Every structure is written in C-alpha cells, then in structure tokens.
Amino acid sequence: MSLKSLAVILISISLFSCSQETETVQNPNVIYILADDLGYGDVGCYGQELIKTPNIDKLAADGMLFTDHYAGSSVCAPSRASLMTGKHIGHSYVRGNYEKGPLGFGACLELRDQDFTLGELLKKADYQTSIIGKWGLGMDATTGEPIKQGFDYSYGYLNQGHAHNQFPEYLFENGNRIAIEENEEGKMGGFSNDLFTKRAIKYLDNETSEKPFFLYMAYTTPHAELVLPASETFDKYTETVDDKAFVNAAGESDKDGNKWAYRSTETPLAAYAAQISHLDSCVGVLVNKIKELGLEDNTIIMFSSDNGPHKEGGANPSYFKSNGEFRGVKRDLYEGGIRVPFIVKWPAKIEKGSVSNHISAFWDLMPTLAEITNQDATGLESDGVSFLPTLTNETQKEHDYLYWEFHENPSSDQAVRKGKWKAVRHDYKGEAELYDLKKDRGEMNNVAAENPEIVKELTHLLDNTRTPSEIWPLKSLK
C-alpha cells in the first residue's frame with residue numbers, strides 16, 4: 001500500500017467517523033475560478049475604471065466580496081500548492097516555482113504522494129472532481145499529476161512554462177498529450193481560455209451523475225504572453241489605451257530555459273485589458289450555463305487570482321492601477337503582491353451584495369470545503385480557518401496570523417500579518433519593517449521604530465513559524 005493510499009484511508013476515517021447517522025443532504029456543487037496574475041485593482045468591483053468586467057462585477061453583486069483575502073504566495077506554483085493542500089508556504093512542500101528542476105523550465109516541483117489535496121478531500125465526500133486549465137503542480141507520470149491528486153478529470157497545461165503560450169499546440173487530458181490542431185505549425189486558432197471554457201461547458205453538459213461536482217477552472221490570463229484573438233473589445237482598447245510595443249529581444253530562443261518566451265506585441269496594454277475582459281466573458285459563460293442547467297441555487301461559485309499583477313511581456317501595472325491602492329506587484333510580499341480579489345456566490349446561503357472584511361487566505365479553502373461538505377476538519381493537516389461562518393453570517397473565528405516567504409531574490413523575503421499589523425523582512429538576518437494596515441493600507445510608513453514590542457512579537461513569528469526545508473532554505477546576504 002502506498003503512502004498516499006494509507007494517508008487517504010486515515011483521513012477518511014477521521015472525516016467520517018461521526019457521519020453515519022447524519023441526515024442525507026445534497027452537498028452543493030463548487031466551481032472555483034482562478035485568474036492568473038490578476039491584480040486586486042484589475043476588476044470593476046474592486047475599483048478598476050478602465051477595464052470592463054461586468055460579469056465578475058455581477059458575481060460580486062449577487063454574492064459576497066472579500067476585501068482582505070490573500071493568495072498563498074506572490075508567484076504561481078507555491079500559491080496554487082497552498083490552495084490545493086491547505087497549508088501556508090512556510091509549511092508547504094512547494095515553496096517556489098522551482099524553474100530549474102530536473103524536468104525542465106516550468107515543470108515545477110510536483111506534489112508528493114503524501115500531500116492531501118482539495119480533490120481528495122471532495123472525493124471523500126463523493127464528489128466528481130475536475131481541473132481544467134493550468135495545473136503547474138506535477139507533470140505527466142509524476143506523483144503530482146492531477147489524476148493522482150484526487151481529480152477524476154483533467155484538461156489543460158501541466159507545465160506552467162508551457163502556459164506562457166496562449167495558443168498551445170498541445171495540452172494534456174487525463175495525463176495524455178493531445179494535439180490542438182487549430183494551433184499546429186504556428187497557427188493561432190485556439191485561444192487557451194476559449195479551449196478551457198468550451199471543455200468546461202462540455203463537462204457540465206455531460207455531467208449526468210447524481211453526485212455533486214467540484215470544477216477547478218484555472219485560467220491563464222492576464223499572465224503573459226499578452227496576445228489573444230482579434231475582437232471588437234480588443235479593438236476598443238487599442239483605441240483608448242496609450243500603448244508601447246513590447247519586443248522580446250530573445251525572439252524564439254531558449255532564454256533562461258524558457259522555450260515559450262513571450263511573443264512580441266505592438267499593443268501589450270490593450271491586450272492586457274482585453275485579456276481581462278475576455279476572462280470576464282468566460283466567467284459569464286460559466287455562470288449562465290449553471291443557470292441553464294437549473295443548478296444556480298445550490299452551486300457555489302468562487303473567483304480569485306493566484307497573486308498580484310505582473311510586469312512581464314509589456315504589462316504595466318501602474319497604468320491600470322492594477323494593484324489598487326497597494327504597494328507592490330507579483331513577486332513582492334507587500335500587499336500588492338499577495339492581496340487578491342475574492343468573490344463567492346451561493347444563492348442558497350449568501351445575501352446579495354455582501355461585503356466581508358474577514359482576513360482570509362488560500363489555505364482556508366480546505367477547512368471551508370470540509371465544513372461545507374460536513375466533514376470533520378480536525379483530521380486535516382491544514383493551517384486554514386474555515387470561512388463558512390462568514391458566508392452564512394455567523395460568528396467567525398479569526399486567524400492568529402498569516403505567513404508568507406519568497407525565495408527568488410538574493411536573500412529570502414518573509415511577511416506576516418497579525419490583525420492590523422504587517423511585518424515585512426527582506427533578509428532573515430535583517431530588521432523587519434512594520435506597517436499599520438488600518439491607517440496605512442499602502443504600506444508607505446514604516447512604524448517599526450515607534451512600536452518595538454509589536455516588532456518583537458512579529459519577528460518571533462517570522463523566526464519560528466516555518467518548518468525547515470532543504471529545497472527552500474532561507475538565504476541571507478549578511
């Protein structure tokens with residue numbers, strides 16, 4: 001028996017030890033939509049004025065908007081690992097993008113046999129589970145591929161470097177490489193988001209099981225490359241946006257091992273805006289399909305982003321104020337790099353137009369879905385706190401603190417939030433900066449000198465929260 005099988009059996013016993021006499025109730029369907037590098041301020045309901053997102057705005061109007069929700073990390077793979085495993089990055093096995101691993105650029109560090117995922121959690125509650133889009137947590141034939149991590153069906157990119165190409169010549173379906181004919185030999189006939197949305201609609205139309213479903217929709221925009229099909233929306237943005245061409249000097253070279261280097265484009269800012277509006281239209285298609293199938297009342301739809309806005313492929317976050325009022329972007333542990341949009345619609349439970357200031361994070365989804373599906377979360381090795389009470393307007397338990405670390409700079413960055421206080425440290429042997437987020441949401445005024453006791457408390461958390469990792473040791477320049 002494998003470690004994975006043993007772990008699942010043990011967790012199953014814990015999760016269902018008290019469930020035999022409970023009343024049978026149809027658990028809700030769950031659709032979790034994840035944008036790629038979408039900033040806090042890139043969506044209309046979070047203050048965006050130039051980019052149009054009517055469907056996402058409607059989702060917020062029909063559900064609950066979270067103001068203080070955080071990604072697992074400031075880059076893709078560790079953020080998604082945190083989402084999948086319910087652990088903050090100081091406890092996660094995957095703590096970075098691991099771009100130079102043995103399987104090549106973008107293959108990342110795969111989830112292990114013993115890692116327990118959302119897919120496996122919901123399989124224990126008798127869900128049909130699927131991942132469509134960008135996975136990034138294990139290649140085919142590794143322990144991390146979706147079919148080995150609790151997903152009945154998968155379709156999309158396994159390698160996140162491959163996802164830099166918005167018109168892929170191939171994707172993976174249930175671990176098998178399949179050709180995308182409309183993109184062969186350099187053709188650009190099948191845009192990634194369209195491929196994913198069409199496959200999701202087909203999946204929903206063919207889902208005739210009486211079981212509830214979990215659909216994880218991991219879109220690849222507005223991550224670079226900043227190209228997409230011609231459309232009236234794209235044309236309108238090219239007319240209104242003050243653009244500057246992006247030229248990839250590397251061309252088609254294997255720069256830094258990335259054979260999917262971002263393509264040059266004359267209108268990267270217009271493309272960035274159009275990608276977000278296109279993503280918004282995909283959200284609308286999914287929402288309308290759920291209505292058409294008569295599943296709206298008992299389907300939870302969640303929408304978020306894996307980290308803050310990027311500056312790659314010609315993108316310019318400052319032009320659109322993509323990080324809102326916050327400091328920092330992707331790869332920063334300031335708020336702009338990790339605070340992300342989060343919207344939840346659940347007509348059966350959530351009052352329309354709700355807004356929550358509850359401090360929450362990606363690793364909370366594991367215990368939240370456990371509670372929603374009537375599973376005992378005490379058997380889970382999660383750092384999360386269920387936010388179901390917030391959704392249902394009941395008394396909510398708060399986090400003691402939230403923790404992050406980042407390893408792509410010469411010295412390791414760390415951050416911790418405890419209530420209104422936020423500490424950021426750029427070297428584990430250095431001094432921590434301190435910000436009062438209640439008074440200074442933009443983290444412009446370091447108040448460490450005036451609050452030595454708070455600095456001492458948060459420094460203790462920075463020093464002691466993480467578990468050691470041979471792959472991700474803390475680095476210092478001191």
# chains A, B, ... in the order shown; residues from 1 in each chain; ligands from 1
$ closest_atom_pairs --of "range 69-125 of chain A" --to "range 371-383 of chain A" --cutoff "12 Å" --atoms "only C-alpha atoms" --output "CSV"
residue,atom,partner,partner_atom,distance
A:Gly72,CA,A:Asp383,CA,11.3
A:Ser82,CA,A:Asp383,CA,9.6
A:Leu83,CA,A:Ser382,CA,10.5
A:Met84,CA,A:Ser382,CA,10.5
A:Thr85,CA,A:Ser382,CA,7.3
A:Gly86,CA,A:Ser382,CA,4.9
A:Lys87,CA,A:Asp383,CA,5.1
A:His88,CA,A:Asp383,CA,6.3
A:Ile89,CA,A:Asp383,CA,9.8
A:Gly90,CA,A:Asp383,CA,9.9
A:His91,CA,A:Asp383,CA,8.4
A:Ser92,CA,A:Ser382,CA,9.9
A:Gln114,CA,A:Glu381,CA,11.3
A:Asp115,CA,A:Glu381,CA,9.7
A:Phe116,CA,A:Glu381,CA,8.5
A:Thr117,CA,A:Leu380,CA,10.1
A:Leu118,CA,A:Leu380,CA,10.9
A:Glu120,CA,A:Leu380,CA,11.5
A:Leu121,CA,A:Gln375,CA,8.8
A:Leu122,CA,A:Thr373,CA,7.9
A:Lys123,CA,A:Thr373,CA,10.6
A:Lys124,CA,A:Gln375,CA,8.8
A:Ala125,CA,A:Thr373,CA,6.5
$ select_by_dssp --residues "range 148-236 of chain A" --states "strand (DSSP E or B)" --output "PyMOL selection string"
chain A and resi 153-157+170-173+176-179+213-222
$ write_last_selection --atoms "N, CA and C atoms" --output "PDB file, in the first residue's frame"
ATOM      1  N   TYR A 153     -10.996  14.085 -13.590  1.00  0.00           N
ATOM      2  CA  TYR A 153     -10.799  14.559 -14.961  1.00  0.00           C
ATOM      3  C   TYR A 153      -9.882  15.769 -14.950  1.00  0.00           C
ATOM      4  N   SER A 154      -8.974  15.822 -15.920  1.00  0.00           N
ATOM      5  CA  SER A 154      -8.113  16.997 -16.061  1.00  0.00           C
ATOM      6  C   SER A 154      -7.891  17.311 -17.529  1.00  0.00           C
ATOM      7  N   TYR A 155      -7.775  18.594 -17.811  1.00  0.00           N
ATOM      8  CA  TYR A 155      -7.543  19.064 -19.183  1.00  0.00           C
ATOM      9  C   TYR A 155      -6.829  20.401 -19.104  1.00  0.00           C
ATOM     10  N   GLY A 156      -5.680  20.507 -19.772  1.00  0.00           N
ATOM     11  CA  GLY A 156      -5.001  21.796 -19.789  1.00  0.00           C
ATOM     12  C   GLY A 156      -3.493  21.658 -19.787  1.00  0.00           C
ATOM     13  N   TYR A 157      -2.846  22.685 -19.251  1.00  0.00           N
ATOM     14  CA  TYR A 157      -1.386  22.709 -19.126  1.00  0.00           C
ATOM     15  C   TYR A 157      -0.971  22.017 -17.839  1.00  0.00           C
ATOM     16  N   TYR A 170      -0.384  21.766 -28.053  1.00  0.00           N
ATOM     17  CA  TYR A 170      -0.870  20.561 -27.394  1.00  0.00           C
ATOM     18  C   TYR A 170      -1.246  20.903 -25.954  1.00  0.00           C
ATOM     19  N   LEU A 171      -2.094  20.078 -25.373  1.00  0.00           N
ATOM     20  CA  LEU A 171      -2.438  20.142 -23.962  1.00  0.00           C
ATOM     21  C   LEU A 171      -2.459  18.700 -23.439  1.00  0.00           C
ATOM     22  N   PHE A 172      -2.792  18.554 -22.158  1.00  0.00           N
ATOM     23  CA  PHE A 172      -2.888  17.211 -21.582  1.00  0.00           C
ATOM     24  C   PHE A 172      -4.317  16.960 -21.104  1.00  0.00           C
ATOM     25  N   GLU A 173      -4.830  15.791 -21.447  1.00  0.00           N
ATOM     26  CA  GLU A 173      -6.134  15.357 -20.964  1.00  0.00           C
ATOM     27  C   GLU A 173      -5.955  14.054 -20.214  1.00  0.00           C
ATOM     28  N   ASN A 176      -2.671  12.395 -20.766  1.00  0.00           N
ATOM     29  CA  ASN A 176      -2.286  12.082 -22.137  1.00  0.00           C
ATOM     30  C   ASN A 176      -2.138  13.353 -22.964  1.00  0.00           C
ATOM     31  N   ARG A 177      -1.025  13.448 -23.673  1.00  0.00           N
ATOM     32  CA  ARG A 177      -0.788  14.610 -24.524  1.00  0.00           C
ATOM     33  C   ARG A 177      -1.692  14.555 -25.755  1.00  0.00           C
ATOM     34  N   ILE A 178      -2.427  15.632 -26.004  1.00  0.00           N
ATOM     35  CA  ILE A 178      -3.327  15.694 -27.146  1.00  0.00           C
ATOM     36  C   ILE A 178      -3.009  16.933 -27.978  1.00  0.00           C
ATOM     37  N   ALA A 179      -3.044  16.776 -29.276  1.00  0.00           N
ATOM     38  CA  ALA A 179      -2.740  17.880 -30.187  1.00  0.00           C
ATOM     39  C   ALA A 179      -3.917  18.850 -30.267  1.00  0.00           C
ATOM     40  N   PHE A 213     -20.483  18.104  -8.007  1.00  0.00           N
ATOM     41  CA  PHE A 213     -19.205  18.221  -8.695  1.00  0.00           C
ATOM     42  C   PHE A 213     -18.371  19.369  -8.137  1.00  0.00           C
ATOM     43  N   PHE A 214     -17.065  19.206  -8.258  1.00  0.00           N
ATOM     44  CA  PHE A 214     -16.096  20.263  -7.976  1.00  0.00           C
ATOM     45  C   PHE A 214     -15.337  20.528  -9.265  1.00  0.00           C
ATOM     46  N   LEU A 215     -15.468  21.741  -9.776  1.00  0.00           N
ATOM     47  CA  LEU A 215     -14.799  22.143 -11.012  1.00  0.00           C
ATOM     48  C   LEU A 215     -13.823  23.263 -10.695  1.00  0.00           C
ATOM     49  N   TYR A 216     -12.547  22.979 -10.839  1.00  0.00           N
ATOM     50  CA  TYR A 216     -11.482  23.961 -10.617  1.00  0.00           C
ATOM     51  C   TYR A 216     -11.081  24.506 -11.986  1.00  0.00           C
ATOM     52  N   MET A 217     -11.449  25.769 -12.248  1.00  0.00           N
ATOM     53  CA  MET A 217     -11.164  26.432 -13.522  1.00  0.00           C
ATOM     54  C   MET A 217      -9.978  27.357 -13.343  1.00  0.00           C
ATOM     55  N   ALA A 218      -8.826  26.932 -13.841  1.00  0.00           N
ATOM     56  CA  ALA A 218      -7.586  27.695 -13.655  1.00  0.00           C
ATOM     57  C   ALA A 218      -7.187  28.348 -14.979  1.00  0.00           C
ATOM     58  N   TYR A 219      -7.724  29.533 -15.208  1.00  0.00           N
ATOM     59  CA  TYR A 219      -7.433  30.253 -16.450  1.00  0.00           C
ATOM     60  C   TYR A 219      -6.002  30.778 -16.462  1.00  0.00           C
ATOM     61  N   THR A 220      -5.523  31.155 -17.654  1.00  0.00           N
ATOM     62  CA  THR A 220      -4.124  31.564 -17.812  1.00  0.00           C
ATOM     63  C   THR A 220      -3.956  33.056 -18.079  1.00  0.00           C
ATOM     64  N   THR A 221      -4.995  33.825 -17.911  1.00  0.00           N
ATOM     65  CA  THR A 221      -4.891  35.267 -18.150  1.00  0.00           C
ATOM     66  C   THR A 221      -5.238  36.033 -16.886  1.00  0.00           C
ATOM     67  N   PRO A 222      -4.669  37.263 -16.795  1.00  0.00           N
ATOM     68  CA  PRO A 222      -3.893  38.039 -17.780  1.00  0.00           C
ATOM     69  C   PRO A 222      -2.373  37.827 -17.715  1.00  0.00           C
TER      70      PRO A 222
END
$ residues_around --residues "Val241 in chain A" --least-positions-apart "2" --cutoff "8 Å" --atoms "only C-alpha atoms" --output "list of chain:residue names"
A:Tyr237, A:Thr238, A:Glu239, A:Asp243, A:Leu269, A:Ala270
$ select_by_dssp --residues "range 304-415 of chain A" --states "alpha helix (DSSP H)" --output "PyMOL selection string"
chain A and resi 317-320+335-338+365-372+388-391
$ residues_around --residues "Thr67 in chain A" --least-positions-apart "5" --cutoff "8 Å" --atoms "only C-alpha atoms" --output "JSON, numbers by chain"
{"A": [341, 342, 355, 356, 357, 358]}
$ atom_distance --atom1 "CA of Ser192 in chain A" --atom2 "CA of Thr368 in chain A"
29.9 Å
$ residues_around --residues "Phe151 in chain A" --least-positions-apart "5" --cutoff "8 Å" --atoms "only C-alpha atoms" --output "ChimeraX atom specification"
/A:119-120,128-131,146
$ closest_atom_pairs --of "range 241-300 of chain A" --to "range 27-41 of chain A" --cutoff "12 Å" --atoms "only C-alpha atoms" --output "CSV"
residue,atom,partner,partner_atom,distance
A:Tyr272,CA,A:Leu38,CA,9.8
A:Ala273,CA,A:Leu38,CA,10.5
A:Gln275,CA,A:Leu38,CA,10.1
A:Ile276,CA,A:Leu38,CA,7.9
A:Ser277,CA,A:Leu38,CA,11.4
A:His278,CA,A:Ala35,CA,11.4
A:Leu279,CA,A:Ala35,CA,7.9
A:Asp280,CA,A:Ala35,CA,9.8
A:Cys282,CA,A:Ile33,CA,10.0
A:Val283,CA,A:Ile33,CA,8.0
A:Gly284,CA,A:Ile33,CA,11.6
A:Leu286,CA,A:Ile31,CA,9.1
A:Val287,CA,A:Ile31,CA,9.7
A:Lys289,CA,A:Ile31,CA,11.9
A:Ile290,CA,A:Ile31,CA,9.9
A:Gly294,CA,A:Asn29,CA,11.9
A:Leu295,CA,A:Asn29,CA,8.2
A:Glu296,CA,A:Asn29,CA,9.2
A:Asp297,CA,A:Pro28,CA,8.7
A:Asn298,CA,A:Pro28,CA,5.0
A:Thr299,CA,A:Asn29,CA,4.5
A:Ile300,CA,A:Val30,CA,4.7
$ write_last_selection --atoms "C-alpha atoms" --output "PDB file, in the first residue's frame"
ATOM      1  CA  TYR A 272      -3.749  43.029 -21.032  1.00  0.00           C
ATOM      2  CA  ALA A 273      -7.075  44.835 -20.710  1.00  0.00           C
ATOM      3  CA  GLN A 275      -7.466  39.508 -21.754  1.00  0.00           C
ATOM      4  CA  ILE A 276      -9.183  40.530 -18.523  1.00  0.00           C
ATOM      5  CA  SER A 277     -12.407  41.397 -20.332  1.00  0.00           C
ATOM      6  CA  HIS A 278     -12.176  38.091 -22.179  1.00  0.00           C
ATOM      7  CA  LEU A 279     -11.703  36.270 -18.880  1.00  0.00           C
ATOM      8  CA  ASP A 280     -14.743  38.134 -17.616  1.00  0.00           C
ATOM      9  CA  CYS A 282     -15.688  33.304 -19.760  1.00  0.00           C
ATOM     10  CA  VAL A 283     -16.971  33.766 -16.218  1.00  0.00           C
ATOM     11  CA  GLY A 284     -20.278  34.909 -17.703  1.00  0.00           C
ATOM     12  CA  LEU A 286     -19.971  29.516 -16.884  1.00  0.00           C
ATOM     13  CA  VAL A 287     -22.492  31.368 -14.719  1.00  0.00           C
ATOM     14  CA  LYS A 289     -24.548  27.548 -18.054  1.00  0.00           C
ATOM     15  CA  ILE A 290     -25.165  26.844 -14.370  1.00  0.00           C
ATOM     16  CA  GLY A 294     -31.050  24.701 -13.117  1.00  0.00           C
ATOM     17  CA  LEU A 295     -28.172  24.392 -10.657  1.00  0.00           C
ATOM     18  CA  GLU A 296     -27.770  28.021  -9.577  1.00  0.00           C
ATOM     19  CA  ASP A 297     -29.219  27.893  -6.056  1.00  0.00           C
ATOM     20  CA  ASN A 298     -27.051  25.017  -4.882  1.00  0.00           C
ATOM     21  CA  THR A 299     -23.825  25.859  -6.714  1.00  0.00           C
ATOM     22  CA  ILE A 300     -21.033  27.815  -5.033  1.00  0.00           C
TER      23      ILE A 300
END
$ closest_residue --among "A:Pro229, A:Gly150, A:Gly96, A:Pro54" --to "Lys187 in chain A" --atoms "only C-alpha atoms"
A:Pro229
$ atom_distance --atom1 "CA of Gly328 in chain A" --atom2 "CA of Leu111 in chain A"
28.7 Å
$ atom_distance --atom1 "CA of Arg327 in chain A" --atom2 "CA of Val416 in chain A"
15.5 Å
$ residues_around --residues "Leu228 in chain A" --least-positions-apart "6" --cutoff "9 Å" --atoms "only C-alpha atoms" --output "tab-separated table (two decimals) with N, CA and C atoms, in the first residue's frame"
chain	number	residue	atom	x	y	z
A	166	GLN	N	-0.22	31.26	-25.15
A	166	GLN	CA	-1.68	31.32	-25.08
A	166	GLN	C	-2.37	30.56	-26.21
A	167	PHE	N	-1.59	30.10	-27.19
A	167	PHE	CA	-2.15	29.31	-28.29
A	167	PHE	C	-1.36	27.99	-28.38
A	188	MET	N	-2.79	30.22	-34.92
A	188	MET	CA	-3.35	30.76	-33.68
A	188	MET	C	-4.87	30.72	-33.76
A	191	PHE	N	-7.48	29.87	-28.70
A	191	PHE	CA	-7.00	30.62	-27.53
A	191	PHE	C	-7.25	29.81	-26.27
A	192	SER	N	-6.29	29.81	-25.38
A	192	SER	CA	-6.34	28.96	-24.19
A	192	SER	C	-7.65	29.08	-23.42
A	234	PHE	N	-11.06	44.07	-28.03
A	234	PHE	CA	-9.63	44.34	-28.18
A	234	PHE	C	-9.43	45.62	-28.99
A	271	ALA	N	-3.84	44.58	-24.94
A	271	ALA	CA	-4.02	43.13	-24.83
A	271	ALA	C	-4.26	42.70	-23.39
A	274	ALA	N	-7.79	43.58	-22.66
A	274	ALA	CA	-8.69	42.71	-23.41
A	274	ALA	C	-8.68	41.29	-22.85
A	275	GLN	N	-7.52	40.83	-22.37
A	275	GLN	CA	-7.47	39.51	-21.75
A	275	GLN	C	-8.35	39.45	-20.51
A	278	HIS	N	-11.88	39.41	-21.63
A	278	HIS	CA	-12.18	38.09	-22.18
A	278	HIS	C	-12.39	37.08	-21.06
$ closest_residue --among "A:Glu232, A:Asp306, A:Glu266, A:Asp463" --to "Phe246 in chain A" --atoms "only C-alpha atoms"
A:Glu266
$ residues_around --residues "Thr392 in chain A" --least-positions-apart "3" --cutoff "7 Å" --atoms "only C-alpha atoms" --output "PyMOL selection string"
chain A and resi 349-350+388-389
$ write_last_selection --atoms "N, CA and C atoms" --output "mmCIF file, in the first residue's frame"
data_model
loop_
_atom_site.group_PDB
_atom_site.id
_atom_site.type_symbol
_atom_site.label_atom_id
_atom_site.label_comp_id
_atom_site.auth_asym_id
_atom_site.auth_seq_id
_atom_site.Cartn_x
_atom_site.Cartn_y
_atom_site.Cartn_z
ATOM 1 N N LYS A 349 -27.300 30.512 0.355
ATOM 2 C CA LYS A 349 -26.760 30.861 1.669
ATOM 3 C C LYS A 349 -26.324 32.320 1.815
ATOM 4 N N ILE A 350 -25.839 32.939 0.743
ATOM 5 C CA ILE A 350 -25.201 34.254 0.866
ATOM 6 C C ILE A 350 -26.147 35.361 0.433
ATOM 7 N N LEU A 388 -16.671 29.506 6.334
ATOM 8 C CA LEU A 388 -18.105 29.258 6.152
ATOM 9 C C LEU A 388 -18.962 30.144 7.052
ATOM 10 N N PRO A 389 -18.585 30.368 8.336
ATOM 11 C CA PRO A 389 -19.415 31.263 9.151
ATOM 12 C C PRO A 389 -19.550 32.665 8.559
#
$ decode --residues "range 131-155 of chain A" --atoms "N, CA and C atoms" --output "PDB file, in the first residue's frame"
ATOM      1  N   ILE A 131     -10.210  19.374 -12.939  1.00  0.00           N
ATOM      2  CA  ILE A 131      -9.352  20.546 -13.077  1.00  0.00           C
ATOM      3  C   ILE A 131      -9.227  20.839 -14.565  1.00  0.00           C
ATOM      4  N   ILE A 132      -9.594  22.042 -14.961  1.00  0.00           N
ATOM      5  CA  ILE A 132      -9.475  22.475 -16.351  1.00  0.00           C
ATOM      6  C   ILE A 132      -8.672  23.772 -16.360  1.00  0.00           C
ATOM      7  N   GLY A 133      -7.562  23.773 -17.108  1.00  0.00           N
ATOM      8  CA  GLY A 133      -6.728  24.971 -17.187  1.00  0.00           C
ATOM      9  C   GLY A 133      -5.282  24.674 -16.830  1.00  0.00           C
ATOM     10  N   LYS A 134      -4.688  25.574 -16.075  1.00  0.00           N
ATOM     11  CA  LYS A 134      -3.268  25.498 -15.714  1.00  0.00           C
ATOM     12  C   LYS A 134      -3.108  24.810 -14.360  1.00  0.00           C
ATOM     13  N   TRP A 135      -2.391  23.700 -14.339  1.00  0.00           N
ATOM     14  CA  TRP A 135      -2.170  22.931 -13.117  1.00  0.00           C
ATOM     15  C   TRP A 135      -0.879  23.364 -12.445  1.00  0.00           C
ATOM     16  N   GLY A 136       0.273  23.050 -13.041  1.00  0.00           N
ATOM     17  CA  GLY A 136       1.546  23.539 -12.527  1.00  0.00           C
ATOM     18  C   GLY A 136       2.047  22.880 -11.265  1.00  0.00           C
ATOM     19  N   LEU A 137       1.494  21.723 -10.898  1.00  0.00           N
ATOM     20  CA  LEU A 137       1.908  21.064  -9.656  1.00  0.00           C
ATOM     21  C   LEU A 137       2.345  19.624  -9.887  1.00  0.00           C
ATOM     22  N   GLY A 138       2.696  19.306 -11.128  1.00  0.00           N
ATOM     23  CA  GLY A 138       3.191  17.975 -11.426  1.00  0.00           C
ATOM     24  C   GLY A 138       2.964  17.593 -12.870  1.00  0.00           C
ATOM     25  N   MET A 139       4.018  17.124 -13.516  1.00  0.00           N
ATOM     26  CA  MET A 139       3.930  16.699 -14.906  1.00  0.00           C
ATOM     27  C   MET A 139       3.313  15.304 -15.018  1.00  0.00           C
ATOM     28  N   ASP A 140       3.044  14.900 -16.253  1.00  0.00           N
ATOM     29  CA  ASP A 140       2.532  13.559 -16.500  1.00  0.00           C
ATOM     30  C   ASP A 140       3.535  12.518 -15.996  1.00  0.00           C
ATOM     31  N   ALA A 141       3.015  11.452 -15.460  1.00  0.00           N
ATOM     32  CA  ALA A 141       3.806  10.327 -14.939  1.00  0.00           C
ATOM     33  C   ALA A 141       4.554  10.641 -13.652  1.00  0.00           C
ATOM     34  N   THR A 142       4.288  11.800 -13.036  1.00  0.00           N
ATOM     35  CA  THR A 142       4.857  12.102 -11.725  1.00  0.00           C
ATOM     36  C   THR A 142       3.771  11.943 -10.660  1.00  0.00           C
ATOM     37  N   THR A 143       4.184  12.014  -9.402  1.00  0.00           N
ATOM     38  CA  THR A 143       3.204  11.905  -8.314  1.00  0.00           C
ATOM     39  C   THR A 143       2.265  13.101  -8.260  1.00  0.00           C
ATOM     40  N   GLY A 144       2.639  14.177  -8.950  1.00  0.00           N
ATOM     41  CA  GLY A 144       1.837  15.390  -8.861  1.00  0.00           C
ATOM     42  C   GLY A 144       0.791  15.567  -9.942  1.00  0.00           C
ATOM     43  N   GLU A 145       0.722  14.679 -10.924  1.00  0.00           N
ATOM     44  CA  GLU A 145      -0.276  14.888 -11.977  1.00  0.00           C
ATOM     45  C   GLU A 145      -1.677  14.789 -11.382  1.00  0.00           C
ATOM     46  N   PRO A 146      -2.638  15.536 -11.928  1.00  0.00           N
ATOM     47  CA  PRO A 146      -3.952  15.662 -11.294  1.00  0.00           C
ATOM     48  C   PRO A 146      -4.659  14.349 -10.991  1.00  0.00           C
ATOM     49  N   ILE A 147      -4.544  13.388 -11.903  1.00  0.00           N
ATOM     50  CA  ILE A 147      -5.262  12.123 -11.703  1.00  0.00           C
ATOM     51  C   ILE A 147      -4.776  11.388 -10.462  1.00  0.00           C
ATOM     52  N   LYS A 148      -3.550  11.701  -9.990  1.00  0.00           N
ATOM     53  CA  LYS A 148      -3.005  11.089  -8.775  1.00  0.00           C
ATOM     54  C   LYS A 148      -3.211  11.971  -7.547  1.00  0.00           C
ATOM     55  N   GLN A 149      -3.856  13.106  -7.751  1.00  0.00           N
ATOM     56  CA  GLN A 149      -4.082  14.041  -6.649  1.00  0.00           C
ATOM     57  C   GLN A 149      -5.568  14.309  -6.430  1.00  0.00           C
ATOM     58  N   GLY A 150      -6.400  13.323  -6.774  1.00  0.00           N
ATOM     59  CA  GLY A 150      -7.815  13.402  -6.421  1.00  0.00           C
ATOM     60  C   GLY A 150      -8.744  13.931  -7.497  1.00  0.00           C
ATOM     61  N   PHE A 151      -8.256  14.096  -8.725  1.00  0.00           N
ATOM     62  CA  PHE A 151      -9.112  14.637  -9.782  1.00  0.00           C
ATOM     63  C   PHE A 151      -9.497  13.545 -10.778  1.00  0.00           C
ATOM     64  N   ASP A 152     -10.813  13.381 -10.958  1.00  0.00           N
ATOM     65  CA  ASP A 152     -11.324  12.395 -11.903  1.00  0.00           C
ATOM     66  C   ASP A 152     -11.023  12.786 -13.338  1.00  0.00           C
ATOM     67  N   TYR A 153     -10.996  14.085 -13.590  1.00  0.00           N
ATOM     68  CA  TYR A 153     -10.799  14.559 -14.961  1.00  0.00           C
ATOM     69  C   TYR A 153      -9.882  15.769 -14.950  1.00  0.00           C
ATOM     70  N   SER A 154      -8.974  15.822 -15.920  1.00  0.00           N
ATOM     71  CA  SER A 154      -8.113  16.997 -16.061  1.00  0.00           C
ATOM     72  C   SER A 154      -7.891  17.311 -17.529  1.00  0.00           C
ATOM     73  N   TYR A 155      -7.775  18.594 -17.811  1.00  0.00           N
ATOM     74  CA  TYR A 155      -7.543  19.064 -19.183  1.00  0.00           C
ATOM     75  C   TYR A 155      -6.829  20.401 -19.104  1.00  0.00           C
TER      76      TYR A 155
END
